[in-house]
$ cat upload_13.cif   # mmCIF, C-alpha atoms
data_data
#
loop_
_atom_site.label_atom_id
_atom_site.label_comp_id
_atom_site.auth_asym_id
_atom_site.auth_seq_id
_atom_site.Cartn_x
_atom_site.Cartn_y
_atom_site.Cartn_z
CA MET A 1 0.00 0.00 0.00
CA THR A 2 2.80 2.41 0.91
CA TRP A 3 4.59 1.91 -2.40
CA LYS A 4 1.40 3.04 -4.16
CA LYS A 5 1.42 6.26 -2.14
CA LEU A 6 5.07 6.80 -3.06
CA LEU A 7 4.46 6.07 -6.72
CA ILE A 8 3.14 9.53 -7.69
CA PRO A 9 5.90 11.58 -5.98
CA LEU A 10 8.51 9.15 -7.30
CA ALA A 11 7.14 9.34 -10.84
CA SER A 12 7.17 13.13 -10.71
CA VAL A 13 10.90 13.28 -9.84
CA PRO A 14 12.18 12.50 -13.37
CA VAL A 15 9.57 14.82 -14.87
CA ILE A 16 10.71 17.67 -12.59
CA LEU A 17 14.36 16.92 -13.38
CA LEU A 18 13.63 16.97 -17.10
CA LEU A 19 11.77 20.27 -16.81
CA ALA A 20 14.58 21.73 -14.68
CA TYR A 21 17.10 20.72 -17.34
CA GLY A 22 14.91 22.30 -20.01
CA PHE A 23 14.47 25.56 -18.13
CA TRP A 24 18.14 25.89 -17.28
CA THR A 25 19.36 25.51 -20.83
CA ASP A 26 19.07 28.36 -23.26
CA PRO A 27 17.24 27.12 -26.35
CA LYS A 28 18.76 29.93 -28.38
CA ALA A 29 22.34 29.00 -27.48
CA ILE A 30 23.47 26.69 -30.24
CA PRO A 31 27.17 26.07 -29.74
CA SER A 32 29.11 25.88 -33.00
CA PRO A 33 30.87 22.55 -33.46
CA LEU A 34 33.61 24.46 -35.30
CA VAL A 35 35.00 26.32 -32.29
CA GLN A 36 38.48 25.07 -31.37
CA LYS A 37 38.65 23.21 -34.69
CA ALA A 38 40.48 24.04 -37.90
CA ALA A 39 38.75 26.87 -39.74
CA PRO A 40 37.44 25.67 -43.12
CA ASP A 41 39.46 27.10 -45.98
CA PHE A 42 37.66 29.63 -48.12
CA ARG A 43 38.22 31.44 -51.38
CA LEU A 44 36.80 34.85 -52.05
CA ALA A 45 37.09 37.32 -54.86
CA ASP A 46 36.75 40.66 -53.10
CA PHE A 47 34.81 43.62 -54.51
CA ASP A 48 38.05 44.95 -56.03
CA GLY A 49 38.51 41.67 -57.89
CA LYS A 50 41.40 40.45 -55.74
CA GLU A 51 41.54 36.77 -54.80
CA LEU A 52 41.71 35.94 -51.14
CA SER A 53 41.94 32.59 -49.36
CA LEU A 54 42.44 31.44 -45.80
CA ALA A 55 45.23 29.14 -46.95
CA GLY A 56 46.98 32.25 -48.26
CA LEU A 57 46.79 33.83 -44.81
CA LYS A 58 48.60 31.03 -43.03
CA GLY A 59 50.23 32.17 -39.79
CA THR A 60 48.09 35.33 -39.68
CA PRO A 61 45.37 35.83 -37.09
CA VAL A 62 42.11 36.61 -38.88
CA VAL A 63 38.87 38.28 -37.85
CA LEU A 64 36.32 36.87 -40.30
CA ASN A 65 33.08 38.82 -40.27
CA PHE A 66 29.86 37.85 -42.07
CA TRP A 67 27.64 40.82 -42.87
CA ALA A 68 24.97 42.09 -45.24
CA SER A 69 23.76 45.56 -46.20
CA TRP A 70 20.19 44.55 -45.31
CA CYS A 71 21.24 43.57 -41.79
CA TYR A 72 20.06 46.60 -39.90
CA PRO A 73 20.90 47.68 -37.23
CA ALA A 74 23.40 45.05 -35.99
CA CYS A 75 25.75 45.15 -39.00
CA TYR A 76 25.58 48.96 -39.10
CA ASP A 77 26.37 49.13 -35.38
CA GLU A 78 29.52 47.04 -35.58
CA ALA A 79 30.82 48.23 -38.97
CA PRO A 80 32.82 51.22 -37.62
CA LEU A 81 34.39 48.91 -35.01
CA LEU A 82 35.55 46.47 -37.70
CA GLU A 83 37.22 49.27 -39.65
CA SER A 84 38.83 50.84 -36.57
CA THR A 85 40.11 47.43 -35.39
CA TRP A 86 41.63 46.79 -38.81
CA ARG A 87 43.38 50.20 -38.80
CA LYS A 88 44.59 49.78 -35.24
CA PHE A 89 45.98 46.25 -35.50
CA LYS A 90 46.95 45.68 -39.15
CA ASP A 91 50.53 46.71 -38.45
CA GLN A 92 50.66 44.08 -35.72
CA GLY A 93 49.76 41.43 -38.25
CA LEU A 94 46.00 41.17 -37.83
CA MET A 95 43.83 40.50 -40.87
CA VAL A 96 40.17 41.49 -41.06
CA VAL A 97 38.05 39.92 -43.79
CA GLY A 98 34.41 40.68 -44.52
CA VAL A 99 32.08 38.22 -46.22
CA ASP A 100 28.95 39.79 -47.64
CA ILE A 101 26.14 37.25 -47.75
CA GLN A 102 22.84 37.09 -49.66
CA ASP A 103 23.15 40.66 -50.79
CA LYS A 104 22.80 42.81 -53.88
CA GLU A 105 26.09 44.11 -55.18
CA PRO A 106 25.15 47.82 -55.46
CA ASN A 107 23.81 47.77 -51.88
CA ALA A 108 26.91 46.01 -50.62
CA ARG A 109 29.19 48.53 -52.36
CA GLU A 110 27.15 51.35 -50.88
CA PHE A 111 27.62 49.82 -47.40
CA ILE A 112 31.38 49.53 -47.91
CA LYS A 113 31.53 53.16 -49.04
CA ARG A 114 29.39 54.37 -46.17
CA PHE A 115 31.71 52.88 -43.54
CA ASN A 116 34.94 53.50 -45.50
CA PHE A 117 35.95 49.85 -45.31
CA THR A 118 39.60 49.48 -46.27
CA PHE A 119 39.94 45.80 -45.32
CA PRO A 120 39.04 43.19 -47.98
CA ASN A 121 35.36 42.37 -48.39
CA GLY A 122 33.89 39.93 -50.85
CA PRO A 123 30.54 38.44 -51.79
CA ASP A 124 29.72 34.81 -51.07
CA PRO A 125 28.02 33.40 -54.16
CA GLY A 126 25.84 30.42 -53.32
CA SER A 127 26.48 31.07 -49.59
CA LYS A 128 29.22 28.42 -49.84
CA VAL A 129 31.53 30.05 -47.30
CA SER A 130 28.63 30.85 -44.97
CA ILE A 131 27.39 27.24 -44.93
CA ASP A 132 30.94 25.97 -44.54
CA TYR A 133 31.22 28.13 -41.41
CA GLY A 134 27.79 27.10 -40.11
CA VAL A 135 26.50 30.66 -40.30
CA TYR A 136 22.86 31.15 -39.26
CA GLY A 137 22.50 34.83 -39.88
CA VAL A 138 24.32 38.13 -39.86
CA PRO A 139 26.36 39.41 -38.24
CA GLU A 140 28.56 36.54 -37.12
CA THR A 141 32.26 36.85 -36.44
CA PHE A 142 34.95 34.18 -36.27
CA PHE A 143 38.30 34.79 -34.59
CA ILE A 144 40.87 32.55 -36.27
CA ASP A 145 44.26 32.10 -34.61
CA ARG A 146 47.68 31.80 -36.24
CA GLN A 147 47.33 28.01 -36.40
CA GLY A 148 44.17 28.42 -38.46
CA ARG A 149 41.89 27.30 -35.62
CA ILE A 150 38.62 29.02 -34.77
CA ALA A 151 39.38 30.39 -31.31
CA TYR A 152 36.03 32.10 -30.78
CA LYS A 153 32.73 32.70 -32.53
CA HIS A 154 30.45 35.63 -31.83
CA VAL A 155 26.83 35.92 -32.93
CA GLY A 156 25.38 39.43 -33.17
CA ALA A 157 26.97 42.86 -33.15
CA LEU A 158 30.44 43.04 -31.61
CA SER A 159 31.16 45.27 -28.65
CA PRO A 160 34.46 47.17 -28.48
CA ALA A 161 35.42 45.35 -25.26
CA LEU A 162 34.85 41.90 -26.74
CA MET A 163 36.67 42.82 -29.95
CA GLU A 164 39.67 44.13 -28.01
CA GLU A 165 39.80 41.06 -25.77
CA GLN A 166 39.56 38.56 -28.64
CA VAL A 167 42.01 40.40 -30.91
CA GLN A 168 44.57 40.70 -28.11
CA ALA A 169 44.22 36.96 -27.45
CA LEU A 170 44.78 36.23 -31.16
CA LEU A 171 47.83 38.49 -31.35
CA LYS A 172 49.33 37.00 -28.20
CA GLY A 173 48.95 33.44 -29.46
CA ARG A 174 52.02 32.11 -31.20
CA MET B 1 57.71 -29.39 -70.64
CA ASN B 2 54.69 -31.51 -69.93
CA ARG B 3 54.69 -30.41 -66.39
CA HIS B 4 54.75 -26.75 -67.48
CA ALA B 5 51.90 -26.93 -69.94
CA PRO B 6 49.04 -27.21 -67.43
CA ARG B 7 50.57 -24.46 -65.30
CA ALA B 8 50.73 -22.15 -68.33
CA ARG B 9 47.13 -22.97 -69.19
CA ASN B 10 46.20 -22.26 -65.57
CA ARG B 11 48.01 -18.95 -65.67
CA ALA B 12 46.16 -17.96 -68.86
CA GLY B 13 42.91 -18.91 -67.15
CA VAL B 14 43.71 -16.77 -64.16
CA TRP B 15 44.52 -13.82 -66.43
CA ALA B 16 41.33 -14.27 -68.42
CA THR B 17 39.26 -14.44 -65.24
CA GLY B 18 41.09 -11.40 -63.92
CA PHE B 19 40.37 -9.40 -67.08
CA LEU B 20 36.75 -10.45 -67.08
CA ALA B 21 36.33 -9.56 -63.40
CA THR B 22 38.02 -6.18 -63.84
CA GLY B 23 35.91 -5.46 -66.91
CA LEU B 24 32.70 -6.36 -65.10
CA LEU B 25 33.72 -4.35 -62.05
CA GLY B 26 34.53 -1.36 -64.23
CA LEU B 27 31.18 -1.67 -65.98
CA ALA B 28 29.41 -1.97 -62.64
CA CYS B 29 31.17 1.20 -61.46
CA LEU B 30 30.23 3.07 -64.64
CA LEU B 31 26.59 1.99 -64.70
CA PRO B 32 25.37 4.12 -61.78
CA GLY B 33 27.10 7.07 -63.43
CA PHE B 34 25.20 6.46 -66.68
CA ALA B 35 21.99 5.93 -64.78
CA ARG B 36 22.46 9.20 -62.91
CA ALA B 37 23.26 11.12 -66.07
CA ALA B 38 20.29 9.60 -67.87
CA ALA B 39 17.76 10.35 -65.14
CA PRO B 40 17.90 13.89 -63.76
CA ALA B 41 14.48 13.35 -62.14
CA ASP B 42 16.07 10.66 -60.04
CA LEU B 43 18.76 13.14 -58.96
CA GLU B 44 16.10 15.63 -57.86
CA ASP B 45 14.31 12.89 -55.90
CA ARG B 46 17.50 12.02 -54.08
CA VAL B 47 18.28 15.68 -53.39
CA ARG B 48 14.75 16.12 -52.00
CA GLU B 49 15.04 13.02 -49.87
CA ILE B 50 18.32 14.17 -48.31
CA ALA B 51 17.27 17.83 -48.03
CA SER B 52 14.04 16.86 -46.25
CA GLU B 53 16.12 15.47 -43.37
CA ILE B 54 18.25 18.61 -43.02
CA ARG B 55 16.93 21.51 -41.02
CA CYS B 56 16.62 24.94 -42.52
CA VAL B 57 18.62 26.69 -39.82
CA VAL B 58 16.94 30.07 -40.25
CA CYS B 59 13.37 28.70 -40.16
CA GLN B 60 11.05 27.31 -37.53
CA ASN B 61 10.96 23.54 -37.89
CA LEU B 62 11.21 23.45 -41.66
CA SER B 63 13.47 21.25 -43.71
CA VAL B 64 15.84 22.56 -46.35
CA ALA B 65 13.57 20.84 -48.91
CA ASP B 66 10.44 22.70 -47.79
CA SER B 67 11.72 26.16 -46.93
CA PRO B 68 11.47 29.01 -49.43
CA SER B 69 14.27 30.96 -47.69
CA ASP B 70 17.40 31.96 -49.61
CA LEU B 71 19.73 30.05 -47.32
CA ALA B 72 17.65 26.87 -47.68
CA LYS B 73 17.70 27.30 -51.47
CA GLU B 74 21.46 27.53 -51.38
CA MET B 75 21.71 24.56 -49.03
CA ARG B 76 19.60 22.59 -51.53
CA SER B 77 21.97 23.47 -54.35
CA LEU B 78 24.86 22.39 -52.16
CA VAL B 79 23.13 19.07 -51.45
CA ARG B 80 22.63 18.63 -55.23
CA GLU B 81 26.29 19.40 -55.84
CA LEU B 82 27.41 16.90 -53.18
CA VAL B 83 25.09 14.19 -54.60
CA GLN B 84 26.56 14.83 -58.05
CA GLN B 85 30.03 14.45 -56.55
CA GLY B 86 28.92 10.95 -55.49
CA LYS B 87 28.60 11.67 -51.75
CA SER B 88 26.29 9.34 -49.83
CA PRO B 89 23.28 10.69 -47.87
CA LYS B 90 25.16 9.88 -44.64
CA GLU B 91 28.25 11.84 -45.79
CA ILE B 92 26.06 14.83 -46.71
CA GLN B 93 24.26 14.74 -43.36
CA ASP B 94 27.62 14.45 -41.58
CA TYR B 95 28.86 17.51 -43.46
CA PHE B 96 25.93 19.64 -42.26
CA VAL B 97 26.27 18.25 -38.71
CA SER B 98 29.99 19.12 -38.71
CA ARG B 99 29.04 22.73 -39.57
CA TYR B 100 25.84 23.30 -37.60
CA GLY B 101 25.90 20.52 -35.00
CA GLU B 102 23.11 17.98 -34.53
CA PHE B 103 20.66 20.89 -34.77
CA ALA B 104 21.08 20.52 -38.54
CA LEU B 105 19.15 17.26 -38.45
CA LEU B 106 15.38 17.64 -38.49
CA SER B 107 14.91 14.51 -36.37
CA PRO B 108 17.30 14.01 -33.48
CA PRO B 109 19.50 10.90 -33.80
CA LYS B 110 18.21 7.96 -31.75
CA ARG B 111 20.94 7.80 -29.14
CA GLY B 112 21.97 9.17 -25.74
CA PHE B 113 19.79 11.83 -24.17
CA ASN B 114 17.87 12.19 -27.45
CA LEU B 115 16.41 8.73 -26.90
CA LEU B 116 14.05 10.34 -24.39
CA VAL B 117 12.37 12.20 -27.23
CA TRP B 118 11.69 8.90 -28.98
CA VAL B 119 10.81 6.84 -25.90
CA LEU B 120 8.82 9.29 -23.73
CA PRO B 121 5.76 9.67 -25.99
CA PHE B 122 5.30 5.88 -26.17
CA LEU B 123 5.91 5.61 -22.43
CA ALA B 124 3.30 8.33 -21.83
CA ILE B 125 0.81 6.52 -24.10
CA GLY B 126 1.49 3.28 -22.20
CA VAL B 127 1.05 4.87 -18.76
CA GLY B 128 -2.09 6.69 -19.98
CA ALA B 129 -3.58 3.44 -21.31
CA TRP B 130 -2.84 1.77 -17.96
CA VAL B 131 -4.56 4.58 -16.04
CA VAL B 132 -7.60 4.43 -18.39
CA TYR B 133 -7.72 0.66 -17.87
CA LEU B 134 -7.67 1.09 -14.05
CA VAL B 135 -10.38 3.78 -14.12
CA VAL B 136 -12.65 1.80 -16.46
CA ARG B 137 -12.19 -1.30 -14.31
CA ARG B 138 -13.18 0.66 -11.20
CA TRP B 139 -16.31 2.01 -12.97
CA THR B 140 -17.44 -1.39 -14.17
CA GLU B 141 -16.73 -2.95 -10.76
CA SER B 142 -18.82 -0.34 -8.94
CA SER B 143 -21.71 -0.71 -11.43
CA VAL B 144 -21.63 -4.51 -11.01
CA THR B 145 -21.67 -4.35 -7.22
CA GLY B 146 -24.52 -1.87 -7.45
CA ARG B 147 -25.20 1.29 -5.51
CA PRO B 148 -23.84 1.64 -1.98
CA PRO B 149 -26.46 1.16 0.78
CA VAL B 150 -28.40 4.31 1.70
CA ASP B 151 -28.95 5.41 5.27
CA PRO B 152 -32.75 4.87 5.85
CA ALA B 153 -32.99 8.05 7.96
CA TYR B 154 -31.46 10.08 5.17
CA ALA B 155 -33.73 8.54 2.53
CA GLU B 156 -36.73 9.32 4.71
CA ARG B 157 -35.64 12.96 5.05
CA VAL B 158 -35.22 13.36 1.27
CA ARG B 159 -38.68 11.86 0.68
CA ARG B 160 -40.27 14.18 3.27
CA GLU B 161 -38.62 17.33 1.88
CA LEU B 162 -39.66 16.43 -1.66
CA GLU B 163 -43.24 15.98 -0.52
CA GLU B 164 -43.13 19.37 1.23
CA ARG B 165 -41.89 21.02 -1.97
CA GLU B 166 -44.59 19.45 -4.07
CA GLY B 167 -47.18 20.46 -1.43
CA HIS B 168 -46.33 24.19 -1.92
#
$ encode --input "upload_13.cif" --output "structure tokens"
Amino acid sequence: MTWKKLLIPLASVPVILLLAYGFWTDPKAIPSPLVQKAAPDFRLADFDGKELSLAGLKGTPVVLNFWASWCYPACYDEAPLLESTWRKFKDQGLMVVGVDIQDKEPNAREFIKRFNFTFPNGPDPGSKVSIDYGVYGVPETFFIDRQGRIAYKHVGALSPALMEEQVQALLKGR
Amino acid sequence: MNRHAPRARNRAGVWATGFLATGLLGLACLLPGFARAAAPADLEDRVREIASEIRCVVCQNLSVADSPSDLAKEMRSLVRELVQQGKSPKEIQDYFVSRYGEFALLSPPKRGFNLLVWVLPFLAIGVGAWVVYLVVRRWTESSVTGRPPVDPAYAERVRRELEEREGH
């Protein structure tokens, strides 16, 4: 008889545990399986017609940013930071590369002009590079270390503090 | 000389068999290629089949095959390209999982913690059926045994009050 009384509370324990697990995990946090792994190689022809590849940047820390001119306001918010980071750290060996995804070329060129981008930016025909990097949307930024590994991935607009911290970590890494 | 003759014949036989086997194997390898080239509809079916198992990562519960979004369209072309390169459905799924994690699969793989998703609904149906069985058994038992005995004093009071009501 007593086991019957215990049955309901006992049966509810796993249900409560399952709910607790569900409530404590963030359904929006989808960790990228690429972090701490080798960054997939990519080839881009930038808007100036120059070829660019990750293999060609071997030994160089890279900030790889995915953006689009239609991505308002996040891409507009972080654009000046990308340019200022590039200007500040390019002499220390940092590379900043922009990948423009699912965009119209005139709009993309307008965006580049608006923010005076001087680092290489190229379109991603067929979203090949984006899919290879497991990109969900824009903006997303990958911090690739000198060994060609993805050290960190950021989803959403970058903050100056996060950018500084990640770039310093990349530059320090040997 | 005599002893060598059968061996030579044997060797020729082995070579002939070898040629035949290689030829057949080569033909067998080429055939699927011909079949694929000859039947583009078949290619589209395979692309659809694979794409319907891959999640459109920018949608709500839609597969790459069903979503009209740009990214899904481009993922579909990538699936087509990979099929044309001769990649198996498993290899294509693995590629998307390596990029997006298991989230890229529309149905979670049947292992580990995910098993709960597959087992719990059936468990819930089983437990529910058991509870329904118990409840129905209790109902039928109580209707078989009949109504519980009524306190005569109480029955008398109900009768009297009903009479009073009707009297008014």
$ residues_around --input "upload_13.cif" --residues "range 149-165 of chain A" --least-positions-apart "6" --cutoff "8 Å" --atoms "all atoms listed in the file" --output "PyMOL selection string"
chain A and resi 32+34-39+74-75+77-78+81+85+138-143
$ interface_residues --input "upload_13.cif" --of "chain B" --to "chain A" --cutoff "6 Å" --atoms "all atoms listed in the file" --output "ChimeraX atom specification"
/B:74,99-101
$ write_last_selection --input "upload_13.cif" --atoms "C-alpha atoms" --output "PDB file, in the coordinates of the input"
ATOM      1  CA  GLU B  74      21.460  27.530 -51.380  1.00  0.00           C
ATOM      2  CA  ARG B  99      29.040  22.730 -39.570  1.00  0.00           C
ATOM      3  CA  TYR B 100      25.840  23.300 -37.600  1.00  0.00           C
ATOM      4  CA  GLY B 101      25.900  20.520 -35.000  1.00  0.00           C
TER       5      GLY B 101
END
$ resolve_selection --input "upload_13.cif" --expression "the PyMOL selection byres ((chain A and resi 111) around 10)" --output "PyMOL selection string"
chain A and resi 68-70+75-76+79+105-110+112-117
$ closest_residue --input "upload_13.cif" --among "A:Gly173, A:Pro123, A:Pro27, A:Gly98" --to "Gln147 in chain A" --atoms "only C-alpha atoms"
A:Gly173
$ residues_around --input "upload_13.cif" --residues "Leu62 in chain B" --least-positions-apart "4" --cutoff "12 Å" --atoms "only C-alpha atoms" --output "VMD selection string"
chain B and resid 51 to 58 66 to 69 72 103 to 107
$ atom_distance --input "upload_13.cif" --atom1 "CA of Ser84 in chain A" --atom2 "CA of Ala29 in chain A"
28.8 Å
$ atom_distance --input "upload_13.cif" --atom1 "CA of Asp145 in chain A" --atom2 "CA of Pro61 in chain A"
4.6 Å
$ atom_distance --input "upload_13.cif" --atom1 "CA of Gly148 in chain A" --atom2 "CA of Leu57 in chain A"
8.7 Å
$ resolve_selection --input "upload_13.cif" --expression "the PyMOL selection byres ((chain A and resi 48-54) around 10)" --output "list in words"
Ala39, Pro40, Asp41, Phe42, Arg43, Leu44, Ala45, Asp46, Phe47, Ala55, Gly56, Leu57, Lys58, Gly59, Thr60, Val62, Leu64, Val97, Pro120, Asn121, Gly122, Ile144 and Gly148 of chain A
